[in-house]
Amino acid sequence: MSDGRTDDLKRVGANRNSRASDAFFAAATVACLAIIAAGVLRGAAAGAGAGAGTGSAAGGGGPSAETPTGPGAAAGGASGGTLSRKPREPFTRPNVRAIARDRALALNLSLREASFWRRVEGGEVQCELCPTLCRLRDGERGKCRVRVNYSGTLYALTYARVVAEHVDPVEKKPLNHFLPATGIYSIATAGCNMGCIFCQNYEISQSFPEDVRFEMREPAGVVAIAKRYKCPSIAYTYSEPSVFYEYMYDCAKLARGNGIANVWVTAGYINEKPLRELARYLDAANVDIKGFSEEFYRKYCDGHLAPVLRTVEILKEMKVHVEITNLIVPGGNDDPGMIRKLCRWVIEKIGPKTPVHFSRYHPDYKMERPGPTPLSTLRMAREIALREGLKYVYIGNIADPEGMNTYCAGCGRKLIERFHYYVKSNEVADGKCPHCGERIPGLWPSADGKSLVRIPVDEPMGKEPK
Ligand code: SF4
């Protein structure tokens with residue numbers, strides 16, 4: 001480390017949200033350092049190297065002979081009986097620049113055998129981690145840029161190659177119902193399995209791992225740093241953590257064993273089997289539902305909505321605390337009807353007490369226009385959500401006195417007052433409103449501070465469940 005700050009947390013570069021948050025978090029007097037990736041072309045290799053190894057990763061990994069069952073498999077189905085239309089193959093053949101094995105090794109990328117893939121004919125492999133279901137010839141890598149086929153085995157290139165690390169306020173994830181006012185050690189590697197044209201973190205999410213500076217952080221080191229900075233939780237975030245699945249899984253398992261909670265900040269584009277394996281070690285997730293239509297996902301995100309909704313349902317089923325983010329892009333997903341549908345789905349499938357964050361977009365990556373989301377649009381979305389019956393609705397990425405605070409769904413009193421990510425006051429005690437006893441969904445410190453109180457988002461209104 002060369003910046004003279006610490007041995008473990010390094011100076012920051014690319015993540016714009018991180019930069020924006022620094023001022024707030026500094027005010028909160030929590031250590032806030034570091035992103036490693038300067039978001040710039042890395043070019044030169046770090047010495048030849050070590051990173052190789054093919055140990056098996058997360059449970060359920062390795063090649064399988066199963067037929068793909070992910071949502072992407074269905075995408076190529078029959079097309080309304082039109083015989084002339086050839087059904088799409090149930091996989092993607094990504095056109096992503098290849099990287100030779102020797103070069104990957106010379107650049108100190110990892111050759112960690114991936115989880116959730118299978119061999120197919122001709123030396124090809126099919127990745128089954130996400131609904132994209134990339135089918136890769138020898139030397140090819142997936143749409144996410146970080147999983148590659150070498151000689152009939154799928155490898156993850158970014159295991160323990162961290163491009164961003166921060167101690168953030170947990171409110172920045174955003175999580176407003178999860179250990180408020182605590183720091184969360186947050187990490188990312190390069191890569192993403194979607195292609196949102198407005199991505200706010202594109203410098204790392206849409207980068208090739210060989211183009212971005214990284215630091216080595218083995219899972220034991222991640223847990224040690226979280227402990228050193230007294231973080232009760234670790235977040236897998238900034239880019240798309242699903243594509244560094246094996247690393248996230250190993251970190252999460254180790255963190256759980258050390259009494260540290262795990263938070264997944266994600267677009268939720270993952271297949272069911274890996275998700276269920278991972279969710280066993282997750283305590284909370286913020287899932288970004290980008291817009292409530294397949295058309296929006298196709299046009300703006302190069303993905304599909306249906307698998308994301310399924311992800312949220314599975315998280316709820318597996319008792320992971322879930323908060324939803326919807327980044328509102330003017331002219332894209334700001335239609336009141338679309339927002340209403342999103343809210344109704346959340347109420348029906350997850351629960352009316354699910355925290356929902358409407359977040360401000362700003363032009364980035366491939367989108368220069370329109371300009372940032374007007375506050376009036378975000379307030380309109382919040383109003384719709386409250387009218388539809390959601391109980392905890394927030395506005396993010398912009399100051400809004402009403403939309404930043406938590407109000408009790410039982411008596412309406414202000415329970416948590418925030419300024420952006422900074423908690424000014426917090427009255428929630430033992431997970432309850434001190435005025436009316438309403439149980440507030442989320443994960444809270446117990447009254448004696450010795451344990452955690454978990455209150456599900458689908459719990460009925462009222463004091464104690466019968
Ligand atoms: S995780 Fe990457 S390689 Fe695997 S299917 Fe998704 S985009 Fe393709």
# chains A, B, ... in the order shown; residues from 1 in each chain; ligands from 1
$ select_by_dssp --residues "segment 117-263 of chain A" --states "helix (DSSP H, G or I)" --output "VMD selection string"
chain A and resid 121 to 123 170 to 172 202 to 205 209 to 211 219 to 228 241 to 257
$ residues_around --residues "Met318 of chain A" --least-positions-apart "2" --cutoff "8 Å" --atoms "only C-alpha atoms" --output "list of chain:residue names"
A:Arg276, A:Ala279, A:Arg280, A:Ile314, A:Leu315, A:Lys316, A:Val320
$ residues_around --residues "segment 119-121 of chain A" --least-positions-apart "2" --cutoff "7 Å" --atoms "only C-alpha atoms" --output "PyMOL selection string"
chain A and resi 63+123-126+152
$ closest_residue --among "A:Ile440, A:Gly183, A:Ser425, A:Tyr297" --to "Lys230 of chain A" --atoms "only C-alpha atoms"
A:Gly183
$ closest_atom_pairs --of "chain A" --to "ligand 1" --cutoff "6 Å" --atoms "only C-alpha atoms and all ligand atoms" --output "JSON lines"
{"residue": "A:Cys127", "atom": "CA", "partner": "ligand 1", "partner_atom_place_in_ligand_line": "4 (Fe)", "distance": 4.4}
{"residue": "A:Glu128", "atom": "CA", "partner": "ligand 1", "partner_atom_place_in_ligand_line": "5 (S)", "distance": 5.5}
{"residue": "A:Leu129", "atom": "CA", "partner": "ligand 1", "partner_atom_place_in_ligand_line": "1 (S)", "distance": 4.9}
{"residue": "A:Cys130", "atom": "CA", "partner": "ligand 1", "partner_atom_place_in_ligand_line": "6 (Fe)", "distance": 4.1}
{"residue": "A:Thr132", "atom": "CA", "partner": "ligand 1", "partner_atom_place_in_ligand_line": "5 (S)", "distance": 4.5}
{"residue": "A:Leu133", "atom": "CA", "partner": "ligand 1", "partner_atom_place_in_ligand_line": "5 (S)", "distance": 3.8}
{"residue": "A:Cys134", "atom": "CA", "partner": "ligand 1", "partner_atom_place_in_ligand_line": "8 (Fe)", "distance": 4.0}
{"residue": "A:Gly142", "atom": "CA", "partner": "ligand 1", "partner_atom_place_in_ligand_line": "3 (S)", "distance": 3.6}
{"residue": "A:Lys143", "atom": "CA", "partner": "ligand 1", "partner_atom_place_in_ligand_line": "7 (S)", "distance": 4.3}
{"residue": "A:Cys144", "atom": "CA", "partner": "ligand 1", "partner_atom_place_in_ligand_line": "2 (Fe)", "distance": 4.2}
{"residue": "A:Arg147", "atom": "CA", "partner": "ligand 1", "partner_atom_place_in_ligand_line": "3 (S)", "distance": 5.1}
{"residue": "A:Asn193", "atom": "CA", "partner": "ligand 1", "partner_atom_place_in_ligand_line": "7 (S)", "distance": 4.3}
{"residue": "A:Val243", "atom": "CA", "partner": "ligand 1", "partner_atom_place_in_ligand_line": "1 (S)", "distance": 5.1}
$ write_last_selection --atoms "N, CA and C atoms" --output "PDB file, in the first residue's frame"
ATOM      1  N   CYS A 127     -22.143 -21.840 -18.422  1.00  0.00           N
ATOM      2  CA  CYS A 127     -22.244 -21.296 -17.073  1.00  0.00           C
ATOM      3  C   CYS A 127     -23.708 -21.278 -16.661  1.00  0.00           C
ATOM      4  N   GLU A 128     -23.976 -21.734 -15.468  1.00  0.00           N
ATOM      5  CA  GLU A 128     -25.368 -21.793 -14.986  1.00  0.00           C
ATOM      6  C   GLU A 128     -25.580 -20.894 -13.776  1.00  0.00           C
ATOM      7  N   LEU A 129     -24.683 -19.949 -13.615  1.00  0.00           N
ATOM      8  CA  LEU A 129     -24.800 -19.066 -12.457  1.00  0.00           C
ATOM      9  C   LEU A 129     -25.931 -18.056 -12.627  1.00  0.00           C
ATOM     10  N   CYS A 130     -26.047 -17.505 -13.818  1.00  0.00           N
ATOM     11  CA  CYS A 130     -27.076 -16.473 -13.988  1.00  0.00           C
ATOM     12  C   CYS A 130     -27.930 -16.764 -15.213  1.00  0.00           C
ATOM     13  N   THR A 132     -28.249 -15.536 -17.941  1.00  0.00           N
ATOM     14  CA  THR A 132     -27.642 -15.350 -19.262  1.00  0.00           C
ATOM     15  C   THR A 132     -27.204 -16.684 -19.855  1.00  0.00           C
ATOM     16  N   LEU A 133     -26.834 -17.612 -19.006  1.00  0.00           N
ATOM     17  CA  LEU A 133     -26.463 -18.969 -19.425  1.00  0.00           C
ATOM     18  C   LEU A 133     -25.455 -18.961 -20.573  1.00  0.00           C
ATOM     19  N   CYS A 134     -24.345 -18.299 -20.350  1.00  0.00           N
ATOM     20  CA  CYS A 134     -23.331 -18.193 -21.402  1.00  0.00           C
ATOM     21  C   CYS A 134     -22.786 -19.567 -21.784  1.00  0.00           C
ATOM     22  N   GLY A 142     -17.437 -15.126 -20.367  1.00  0.00           N
ATOM     23  CA  GLY A 142     -18.857 -14.804 -20.357  1.00  0.00           C
ATOM     24  C   GLY A 142     -19.133 -13.326 -20.521  1.00  0.00           C
ATOM     25  N   LYS A 143     -20.395 -13.037 -20.664  1.00  0.00           N
ATOM     26  CA  LYS A 143     -20.840 -11.654 -20.810  1.00  0.00           C
ATOM     27  C   LYS A 143     -20.355 -10.794 -19.636  1.00  0.00           C
ATOM     28  N   CYS A 144     -20.236 -11.401 -18.467  1.00  0.00           N
ATOM     29  CA  CYS A 144     -19.788 -10.658 -17.280  1.00  0.00           C
ATOM     30  C   CYS A 144     -18.307 -10.326 -17.317  1.00  0.00           C
ATOM     31  N   ARG A 147     -15.623 -14.718 -16.129  1.00  0.00           N
ATOM     32  CA  ARG A 147     -15.669 -16.172 -16.038  1.00  0.00           C
ATOM     33  C   ARG A 147     -15.269 -16.719 -17.411  1.00  0.00           C
ATOM     34  N   ASN A 193     -23.119  -8.906 -14.854  1.00  0.00           N
ATOM     35  CA  ASN A 193     -23.797  -9.753 -15.836  1.00  0.00           C
ATOM     36  C   ASN A 193     -24.958  -9.035 -16.524  1.00  0.00           C
ATOM     37  N   VAL A 243     -21.423 -12.030  -9.884  1.00  0.00           N
ATOM     38  CA  VAL A 243     -20.375 -12.531 -10.774  1.00  0.00           C
ATOM     39  C   VAL A 243     -19.088 -12.845 -10.029  1.00  0.00           C
TER      40      VAL A 243
END
$ select_by_dssp --residues "segment 306-397 of chain A" --states "strand (DSSP E or B)" --output "list in words"
His321, Val322, Glu323, Ile324, Thr325, Asn326, Leu327, Ile328, Val356, His357, Phe358, Ser359, Arg360, Val393, Tyr394, Ile395 and Gly396 of chain A
$ atom_distance --atom1 "atom CA of Phe214 of chain A" --atom2 "atom CA of Leu107 of chain A"
10.5 Å
$ atom_distance --atom1 "atom CA of Thr92 of chain A" --atom2 "atom CA of Tyr159 of chain A"
23.2 Å
$ residues_around --residues "segment 394-404 of chain A" --least-positions-apart "4" --cutoff "7 Å" --atoms "only C-alpha atoms" --output "count of residues only"
10
$ atom_distance --atom1 "atom CA of Val287 of chain A" --atom2 "atom CA of Ala267 of chain A"
5.5 Å
$ closest_residue --among "A:Tyr365, A:Tyr269, A:Trp444, A:Tyr281" --to "Ser242 of chain A" --atoms "only C-alpha atoms"
A:Tyr269
$ residues_around --residues "segment 428-436 of chain A" --least-positions-apart "3" --cutoff "7 Å" --atoms "only C-alpha atoms" --output "PyMOL selection string"
chain A and resi 408+410-411+415+439-440+444-447+453
$ closest_residue --among "A:Gln206, A:Ser110, A:Ser151, A:Ser186" --to "Gly122 of chain A" --atoms "only C-alpha atoms"
A:Ser151
$ closest_atom_pairs --of "segment 172-210 of chain A" --to "segment 326-334 of chain A" --cutoff "12 Å" --atoms "only C-alpha atoms" --output "tab-separated table"
residue	atom	partner	partner_atom	distance
A:Pro174	CA	A:Asn326	CA	11.1
A:Cys196	CA	A:Leu327	CA	11.4
A:Ile197	CA	A:Val329	CA	10.9
A:Phe198	CA	A:Val329	CA	8.5
A:Cys199	CA	A:Leu327	CA	10.2
A:Gln200	CA	A:Leu327	CA	10.3
$ write_last_selection --atoms "N, CA and C atoms" --output "CSV table (one decimal), in the first residue's frame"
chain,number,residue,atom,x,y,z
A,174,PRO,N,-28.7,1.0,-0.2
A,174,PRO,CA,-29.2,1.6,1.0
A,174,PRO,C,-29.9,0.5,1.8
A,196,CYS,N,-26.6,-2.2,-17.9
A,196,CYS,CA,-27.4,-1.0,-17.7
A,196,CYS,C,-26.7,0.2,-18.4
A,197,ILE,N,-27.4,0.8,-19.3
A,197,ILE,CA,-26.7,1.9,-20.0
A,197,ILE,C,-26.6,3.2,-19.1
A,198,PHE,N,-27.2,3.2,-18.0
A,198,PHE,CA,-27.1,4.3,-17.1
A,198,PHE,C,-26.3,4.0,-15.8
A,199,CYS,N,-25.5,2.9,-15.9
A,199,CYS,CA,-24.8,2.4,-14.7
A,199,CYS,C,-24.0,3.5,-14.0
A,200,GLN,N,-24.2,3.6,-12.7
A,200,GLN,CA,-23.6,4.6,-11.9
A,200,GLN,C,-22.2,4.2,-11.5
$ closest_residue --among "A:Glu427, A:Glu113, A:Asp364, A:Glu438" --to "Glu203 of chain A" --atoms "only C-alpha atoms"
A:Asp364
$ residues_around --residues "Ala409 of chain A" --least-positions-apart "4" --cutoff "12 Å" --atoms "only C-alpha atoms" --output "PyMOL selection string"
chain A and resi 352-355+386+389-393+413-415+432-433+435-441+457+460-463
$ closest_residue --among "A:Ala114, A:Ala164, A:Val223, A:Cys231" --to "Gly257 of chain A" --atoms "only C-alpha atoms"
A:Val223
